[in-house]
file model-v4.txt (compact mmCIF, C-alpha atoms)
# COMPACT_ATOMS: atom_id res chain seq x y z
CA MET W 1 -115.64 30.68 102.00
CA SER W 2 -115.50 32.07 98.44
CA GLN W 3 -113.55 29.04 97.22
CA THR W 4 -116.18 26.69 98.66
CA ILE W 5 -118.95 28.65 96.94
CA ILE W 6 -117.07 28.52 93.64
CA LYS W 7 -116.47 24.76 93.98
CA GLN W 8 -120.15 24.18 94.72
CA THR W 9 -121.12 26.27 91.71
CA GLN W 10 -118.64 24.46 89.48
CA CYS W 11 -120.04 21.14 90.70
CA TRP W 12 -123.54 22.26 89.69
CA LEU W 13 -122.27 23.51 86.34
CA ASP W 14 -120.35 20.30 85.59
CA ASN W 15 -122.77 17.72 86.99
CA PHE W 16 -126.08 19.28 86.05
CA ILE W 17 -125.85 22.02 83.43
CA ILE W 18 -123.14 20.37 81.33
CA ALA W 19 -123.73 16.69 82.12
CA LEU W 20 -127.43 16.95 81.21
CA ASN W 21 -126.78 19.40 78.35
CA ILE W 22 -129.10 21.99 79.94
CA CYS W 23 -126.95 24.62 78.23
CA PRO W 24 -125.47 23.13 75.07
CA PHE W 25 -122.89 25.93 74.91
CA ALA W 26 -121.46 25.63 78.44
CA LYS W 27 -119.14 22.65 77.93
CA LYS W 28 -117.04 24.36 75.27
CA GLU W 29 -116.45 27.40 77.47
CA ARG W 30 -115.81 25.29 80.59
CA ASP W 31 -113.26 23.20 78.67
CA LYS W 32 -111.57 26.38 77.43
CA GLY W 33 -111.48 27.81 80.95
CA SER W 34 -113.24 30.96 79.73
CA ILE W 35 -115.93 31.09 82.43
CA ARG W 36 -115.23 33.52 85.26
CA PHE W 37 -116.71 32.69 88.66
CA PHE W 38 -117.05 35.78 90.85
CA VAL W 39 -118.41 35.55 94.38
CA ASP W 40 -120.06 38.85 95.24
CA GLU W 41 -120.15 39.18 99.02
CA SER W 42 -121.94 42.53 98.96
CA VAL W 43 -124.58 43.05 101.60
CA GLU W 44 -125.96 46.17 99.90
CA VAL W 45 -127.82 46.03 96.59
CA SER W 46 -126.08 49.20 95.41
CA GLN W 47 -122.65 47.57 95.84
CA ALA W 48 -123.80 44.41 94.01
CA LEU W 49 -125.04 46.57 91.13
CA GLU W 50 -121.73 48.40 91.02
CA ASN W 51 -119.95 45.03 90.91
CA LEU W 52 -122.16 43.98 87.99
CA ILE W 53 -120.96 46.97 85.98
CA LEU W 54 -117.35 46.29 87.00
CA GLU W 55 -117.75 42.75 85.66
CA CYS W 56 -119.14 44.10 82.39
CA GLU W 57 -116.14 46.41 82.17
CA ARG W 58 -113.86 43.42 82.80
CA LEU W 59 -115.54 41.58 79.91
CA ASP W 60 -115.07 44.70 77.76
CA THR W 61 -111.30 44.52 78.22
CA ASP W 62 -110.57 40.81 78.74
CA LYS W 63 -111.61 38.85 75.67
CA GLU W 64 -110.23 35.64 77.23
CA ILE W 65 -113.30 35.62 79.49
CA GLU W 66 -116.32 34.53 77.51
CA THR W 67 -118.86 34.75 80.29
CA THR W 68 -119.13 35.53 84.00
CA LEU W 69 -121.20 33.91 86.71
CA ILE W 70 -121.75 36.42 89.50
CA ILE W 71 -122.60 34.39 92.58
CA LEU W 72 -124.54 36.47 95.09
CA SER W 73 -123.56 35.00 98.44
CA GLN W 74 -125.21 37.59 100.70
CA ILE W 75 -128.11 39.36 98.98
CA SER W 76 -131.25 38.19 97.20
CA GLN W 77 -131.64 34.96 99.12
CA ASP W 78 -135.42 35.43 98.91
CA PHE W 79 -136.59 34.69 95.36
CA ASN W 80 -138.93 37.68 95.15
CA ASP W 81 -136.14 39.99 96.33
CA TYR W 82 -133.93 38.41 93.70
CA LEU W 83 -136.49 39.13 90.97
CA ASP W 84 -136.58 42.78 92.08
CA PHE W 85 -132.77 42.88 92.00
CA LEU W 86 -132.73 41.26 88.54
CA GLU W 87 -135.12 43.88 87.19
CA ILE W 88 -132.93 46.70 88.51
CA ALA W 89 -129.81 44.97 87.12
CA ASN W 90 -131.37 44.71 83.66
CA GLN W 91 -132.37 48.39 83.78
CA LEU W 92 -128.85 49.29 84.84
CA LEU W 93 -127.37 47.47 81.84
CA MET W 94 -129.61 49.59 79.62
CA THR W 95 -128.68 52.89 81.29
CA GLN W 96 -124.98 52.00 81.12
CA ASN W 97 -125.29 51.35 77.36
CA TYR W 98 -124.75 47.60 77.64
CA GLU W 99 -128.05 46.69 76.00
CA GLY W 100 -127.18 44.62 72.93
CA THR W 101 -123.70 43.90 74.28
CA TYR W 102 -124.52 41.77 77.33
CA GLN W 103 -127.61 40.08 78.65
CA LEU W 104 -128.33 38.46 81.97
CA ALA W 105 -129.51 34.93 82.57
CA SER W 106 -130.95 34.29 86.01
CA PHE W 107 -130.51 31.42 88.46
CA HIS W 108 -131.67 31.03 92.04
CA PRO W 109 -131.99 28.15 94.54
CA HIS W 110 -135.77 28.77 94.77
CA TYR W 111 -136.42 29.65 91.14
CA VAL W 112 -140.02 29.27 89.99
CA LEU W 113 -140.83 29.63 86.32
CA ALA W 114 -142.66 32.85 85.57
CA ASP W 115 -146.40 32.92 85.94
CA GLY W 116 -147.87 32.83 82.48
CA SER W 117 -144.91 30.98 81.00
CA GLU W 118 -146.07 28.30 78.62
CA PHE W 119 -144.11 25.82 80.73
CA SER W 120 -145.10 27.00 84.20
CA ASN W 121 -147.62 25.32 86.40
CA ASN W 122 -146.76 27.77 89.23
CA ALA W 123 -145.92 24.90 91.58
CA GLU W 124 -142.78 25.45 93.62
CA ASP W 125 -142.12 21.70 93.58
CA ASP W 126 -142.36 21.42 89.78
CA PRO W 127 -139.10 19.77 88.65
CA ALA W 128 -139.14 22.13 85.64
CA ASN W 129 -138.02 24.93 87.96
CA TYR W 130 -134.63 23.21 88.25
CA THR W 131 -133.76 24.41 84.75
CA ASN W 132 -132.96 27.70 86.52
CA ARG W 133 -132.20 26.53 90.04
CA SER W 134 -128.65 26.87 91.25
CA PRO W 135 -126.76 26.53 94.53
CA TYR W 136 -126.79 30.32 95.05
CA PRO W 137 -128.53 33.34 93.52
CA MET W 138 -126.62 34.18 90.34
CA LEU W 139 -126.43 36.54 87.45
CA HIS W 140 -124.93 35.04 84.32
CA ILE W 141 -123.48 37.75 82.06
CA ILE W 142 -123.63 36.58 78.46
CA ARG W 143 -121.95 38.23 75.49
CA GLU W 144 -124.80 38.77 73.03
CA GLU W 145 -122.55 38.57 69.97
CA SER W 146 -121.20 35.18 71.06
CA LEU W 147 -124.68 33.92 71.85
CA GLU W 148 -125.95 34.95 68.42
CA LYS W 149 -123.07 33.10 66.74
CA ALA W 150 -123.66 29.98 68.82
CA LEU W 151 -127.39 29.99 68.05
CA GLU W 152 -126.72 30.29 64.30
CA ASN W 153 -125.00 26.92 64.35
CA TYR W 154 -127.36 25.14 66.69
CA PRO W 155 -130.39 23.33 65.23
CA GLN W 156 -133.71 24.60 66.60
CA PRO W 157 -132.38 26.56 69.59
CA GLU W 158 -135.92 27.64 70.45
CA LEU W 159 -136.56 24.06 71.60
CA ILE W 160 -133.82 24.12 74.26
CA PRO W 161 -136.07 25.37 77.13
CA GLU W 162 -138.82 22.88 76.30
CA ARG W 163 -136.34 19.99 76.11
CA ASN W 164 -134.82 20.97 79.47
CA ILE W 165 -138.21 21.22 81.13
CA GLN W 166 -139.29 17.85 79.79
CA LEU W 167 -136.01 16.32 80.98
CA CYS W 168 -136.37 17.73 84.51
CA ARG W 169 -140.00 16.64 84.77
CA LYS W 170 -139.06 13.15 83.58
CA MET W 171 -136.32 12.99 86.22
CA GLY W 172 -138.75 14.12 88.94
CA ILE W 173 -138.37 16.42 91.92
CA LYS W 174 -136.31 14.03 94.07
CA ARG W 175 -133.65 13.42 91.43
CA THR W 176 -133.41 17.05 90.29
CA HIS W 177 -133.07 18.16 93.91
CA GLU W 178 -130.31 15.62 94.45
CA PHE W 179 -128.16 17.36 91.83
CA LEU W 180 -128.12 20.53 93.93
CA ALA W 181 -127.90 18.65 97.21
CA LYS W 182 -124.84 16.75 95.99
CA CYS W 183 -123.04 19.98 95.26
CA LEU W 184 -124.06 21.63 98.50
CA ASN W 185 -123.59 18.51 100.65
CA LEU W 186 -127.22 18.69 101.75
CA LEU W 187 -129.48 15.94 102.94
CA PRO W 188 -131.57 14.17 100.28
CA TYR W 189 -134.90 15.69 99.31
CA SER W 190 -137.57 14.86 101.86
CA GLY W 191 -140.51 16.75 100.36

call {"tool": "encode", "arguments": {"input": "model-v4.txt", "output": "structure tokens"}}
result
Amino acid sequence: MSQTIIKQTQCWLDNFIIALNICPFAKKERDKGSIRFFVDESVEVSQALENLILECERLDTDKEIETTLIILSQISQDFNDYLDFLEIANQLLMTQNYEGTYQLASFHPHYVLADGSEFSNNAEDDPANYTNRSPYPMLHIIREESLEKALENYPQPELIPERNIQLCRKMGIKRTHEFLAKCLNLLPYSG
């Protein structure tokens, strides 16, 4: 089952994130083979949090891995539960002295842009939500030092989220949904 989950996640990464340049830094790392895909099958939040720290420790010692996608196959299927888990995970990074070393990016199949975001319209069917929608709940561990270097050489990185949101809205809900459906072998969007 883990291999299927990884293949589905790689499909999403290749055919959505990289193909549409949602993350302009992902292709380089994918081509180098420096992205680790880890399927966390924990059913307890405490075990998933322990695995997060173990992945940070792996990144500490293995410089060949640039970034890790922790794919949560069992917990946080509900988006609100996921947000609670994400908050705890971010606090844990701080208490484990990883603040400034790693940061977490968040992805979820039911992601809805934060209320109050300049881009949010709080609609679950807003195609803009697909900028952070993924086949499974995920935590993306990013090396802050690498991110800072990449942003130094990228023109106007602050415009990346806005560009992605405009792209997804232009594509529309049916087409954005089809990217995930293709990777998960789901039926086409019927909403």

call {"tool": "closest_residue", "arguments": {"input": "model-v4.txt", "among": "W:Leu49, W:Leu147, W:Ile165, W:Ile173", "to": "Glu124 (chain W)", "atoms": "only C-alpha atoms"}}
result
W:Ile173

call {"tool": "residues_near_point", "arguments": {"input": "model-v4.txt", "point": "(-124.1, 37.5, 92.4)", "cutoff": "9 Å", "atoms": "all atoms listed in the file", "output": "PyMOL selection string"}}
result
chain W and resi 38-42+48+51-52+69-76+136-140

call {"tool": "residues_around", "arguments": {"input": "model-v4.txt", "residues": "region 9-25 of chain W", "least_positions_apart": "3", "cutoff": "8 Å", "atoms": "all atoms listed in the file", "output": "list in words"}}
result
Ile5, Ile6, Lys28, Glu29, Thr131, Ser134, Pro135, Tyr136, Ala150, Ile160, Asn164, Phe179, Leu180 and Cys183 of chain W

call {"tool": "residues_around", "arguments": {"input": "model-v4.txt", "residues": "Gln166 (chain W)", "least_positions_apart": "4", "cutoff": "8 Å", "atoms": "only C-alpha atoms", "output": "list in words"}}
result
Ala128, Glu162 and Lys170 of chain W

call {"tool": "closest_residue", "arguments": {"input": "model-v4.txt", "among": "W:Lys174, W:Lys27, W:Lys7, W:Arg36", "to": "Glu66 (chain W)", "atoms": "only C-alpha atoms"}}
result
W:Arg36

call {"tool": "atom_distance", "arguments": {"input": "model-v4.txt", "atom1": "CA of Ser146 (chain W)", "atom2": "CA of Arg133 (chain W)"}}
result
23.6 Å

call {"tool": "atom_distance", "arguments": {"input": "model-v4.txt", "atom1": "CA of Asn132 (chain W)", "atom2": "CA of Phe85 (chain W)"}}
result
16.1 Å

call {"tool": "closest_residue", "arguments": {"input": "model-v4.txt", "among": "W:Ser46, W:Thr68, W:Thr61, W:Gln8", "to": "Ile88 (chain W)", "atoms": "all atoms listed in the file"}}
result
W:Ser46

call {"tool": "closest_residue", "arguments": {"input": "model-v4.txt", "among": "W:Thr176, W:Met171, W:Thr67, W:Gln77", "to": "Glu145 (chain W)", "atoms": "only C-alpha atoms"}}
result
W:Thr67

call {"tool": "closest_residue", "arguments": {"input": "model-v4.txt", "among": "W:Ala89, W:Leu83, W:Ile65, W:Ile142", "to": "Gln103 (chain W)", "atoms": "all atoms listed in the file"}}
result
W:Ile142

call {"tool": "atom_distance", "arguments": {"input": "model-v4.txt", "atom1": "CA of Asn80 (chain W)", "atom2": "CA of His108 (chain W)"}}
result
10.3 Å

call {"tool": "closest_residue", "arguments": {"input": "model-v4.txt", "among": "W:Asp81, W:Asp62, W:Asp126, W:Glu178", "to": "Val112 (chain W)", "atoms": "all atoms listed in the file"}}
result
W:Asp126

call {"tool": "axis_aligned_box", "arguments": {"input": "model-v4.txt", "around": "region 83-90 of chain W", "padding_each_side": "8 Å", "output": "AutoDock Vina command-line options"}}
result
--center_x -133.2 --center_y 42.9 --center_z 87.9 --size_x 22.8 --size_y 23.6 --size_z 24.4

call {"tool": "build_atoms", "arguments": {"input": "model-v4.txt", "residues": "region 22-45 of chain W", "atoms": "N, CA and C atoms", "output": "CSV table (one decimal), in the frame of the given file"}}
result
chain,number,residue,atom,x,y,z
W,22,ILE,N,-128.1,20.9,79.7
W,22,ILE,CA,-129.1,22.0,79.9
W,22,ILE,C,-128.7,23.2,79.1
W,23,CYS,N,-127.5,23.6,79.1
W,23,CYS,CA,-127.0,24.6,78.2
W,23,CYS,C,-126.0,24.0,77.3
W,24,PRO,N,-126.3,23.8,76.0
W,24,PRO,CA,-125.5,23.1,75.1
W,24,PRO,C,-124.2,23.9,74.7
W,25,PHE,N,-124.1,25.1,75.2
W,25,PHE,CA,-122.9,25.9,74.9
W,25,PHE,C,-121.9,26.0,76.1
W,26,ALA,N,-122.3,25.5,77.2
W,26,ALA,CA,-121.5,25.6,78.4
W,26,ALA,C,-120.2,24.8,78.4
W,27,LYS,N,-120.3,23.6,77.9
W,27,LYS,CA,-119.1,22.6,77.9
W,27,LYS,C,-117.9,23.2,77.2
W,28,LYS,N,-118.1,23.8,76.0
W,28,LYS,CA,-117.0,24.4,75.3
W,28,LYS,C,-116.3,25.4,76.1
W,29,GLU,N,-117.1,26.3,76.7
W,29,GLU,CA,-116.4,27.4,77.5
W,29,GLU,C,-115.8,26.9,78.7
W,30,ARG,N,-116.4,25.9,79.4
W,30,ARG,CA,-115.8,25.3,80.6
W,30,ARG,C,-114.5,24.6,80.2
W,31,ASP,N,-114.5,23.9,79.1
W,31,ASP,CA,-113.3,23.2,78.7
W,31,ASP,C,-112.2,24.2,78.3
W,32,LYS,N,-112.5,25.3,77.8
W,32,LYS,CA,-111.6,26.4,77.4
W,32,LYS,C,-111.1,27.2,78.7
W,33,GLY,N,-111.8,27.0,79.8
W,33,GLY,CA,-111.5,27.8,81.0
W,33,GLY,C,-111.9,29.3,80.8
W,34,SER,N,-112.9,29.6,80.0
W,34,SER,CA,-113.2,31.0,79.7
W,34,SER,C,-114.5,31.4,80.5
W,35,ILE,N,-114.8,30.7,81.6
W,35,ILE,CA,-115.9,31.1,82.4
W,35,ILE,C,-115.3,31.7,83.7
W,36,ARG,N,-115.7,32.9,84.0
W,36,ARG,CA,-115.2,33.5,85.3
W,36,ARG,C,-116.3,33.3,86.3
W,37,PHE,N,-115.8,32.9,87.5
W,37,PHE,CA,-116.7,32.7,88.7
W,37,PHE,C,-116.3,33.8,89.7
W,38,PHE,N,-117.3,34.7,89.9
W,38,PHE,CA,-117.0,35.8,90.8
W,38,PHE,C,-118.0,35.7,92.0
W,39,VAL,N,-117.5,35.6,93.2
W,39,VAL,CA,-118.4,35.6,94.4
W,39,VAL,C,-118.5,37.0,94.9
W,40,ASP,N,-119.8,37.5,94.8
W,40,ASP,CA,-120.1,38.8,95.2
W,40,ASP,C,-120.6,38.8,96.7
W,41,GLU,N,-119.8,39.2,97.6
W,41,GLU,CA,-120.2,39.2,99.0
W,41,GLU,C,-120.8,40.5,99.5
W,42,SER,N,-121.3,41.3,98.6
W,42,SER,CA,-121.9,42.5,99.0
W,42,SER,C,-123.2,42.3,99.8
W,43,VAL,N,-123.4,43.1,100.8
W,43,VAL,CA,-124.6,43.0,101.6
W,43,VAL,C,-125.6,44.1,101.2
W,44,GLU,N,-125.1,45.1,100.4
W,44,GLU,CA,-126.0,46.2,99.9
W,44,GLU,C,-126.2,46.0,98.4
W,45,VAL,N,-127.5,46.2,98.0
W,45,VAL,CA,-127.8,46.0,96.6
W,45,VAL,C,-127.0,47.0,95.7
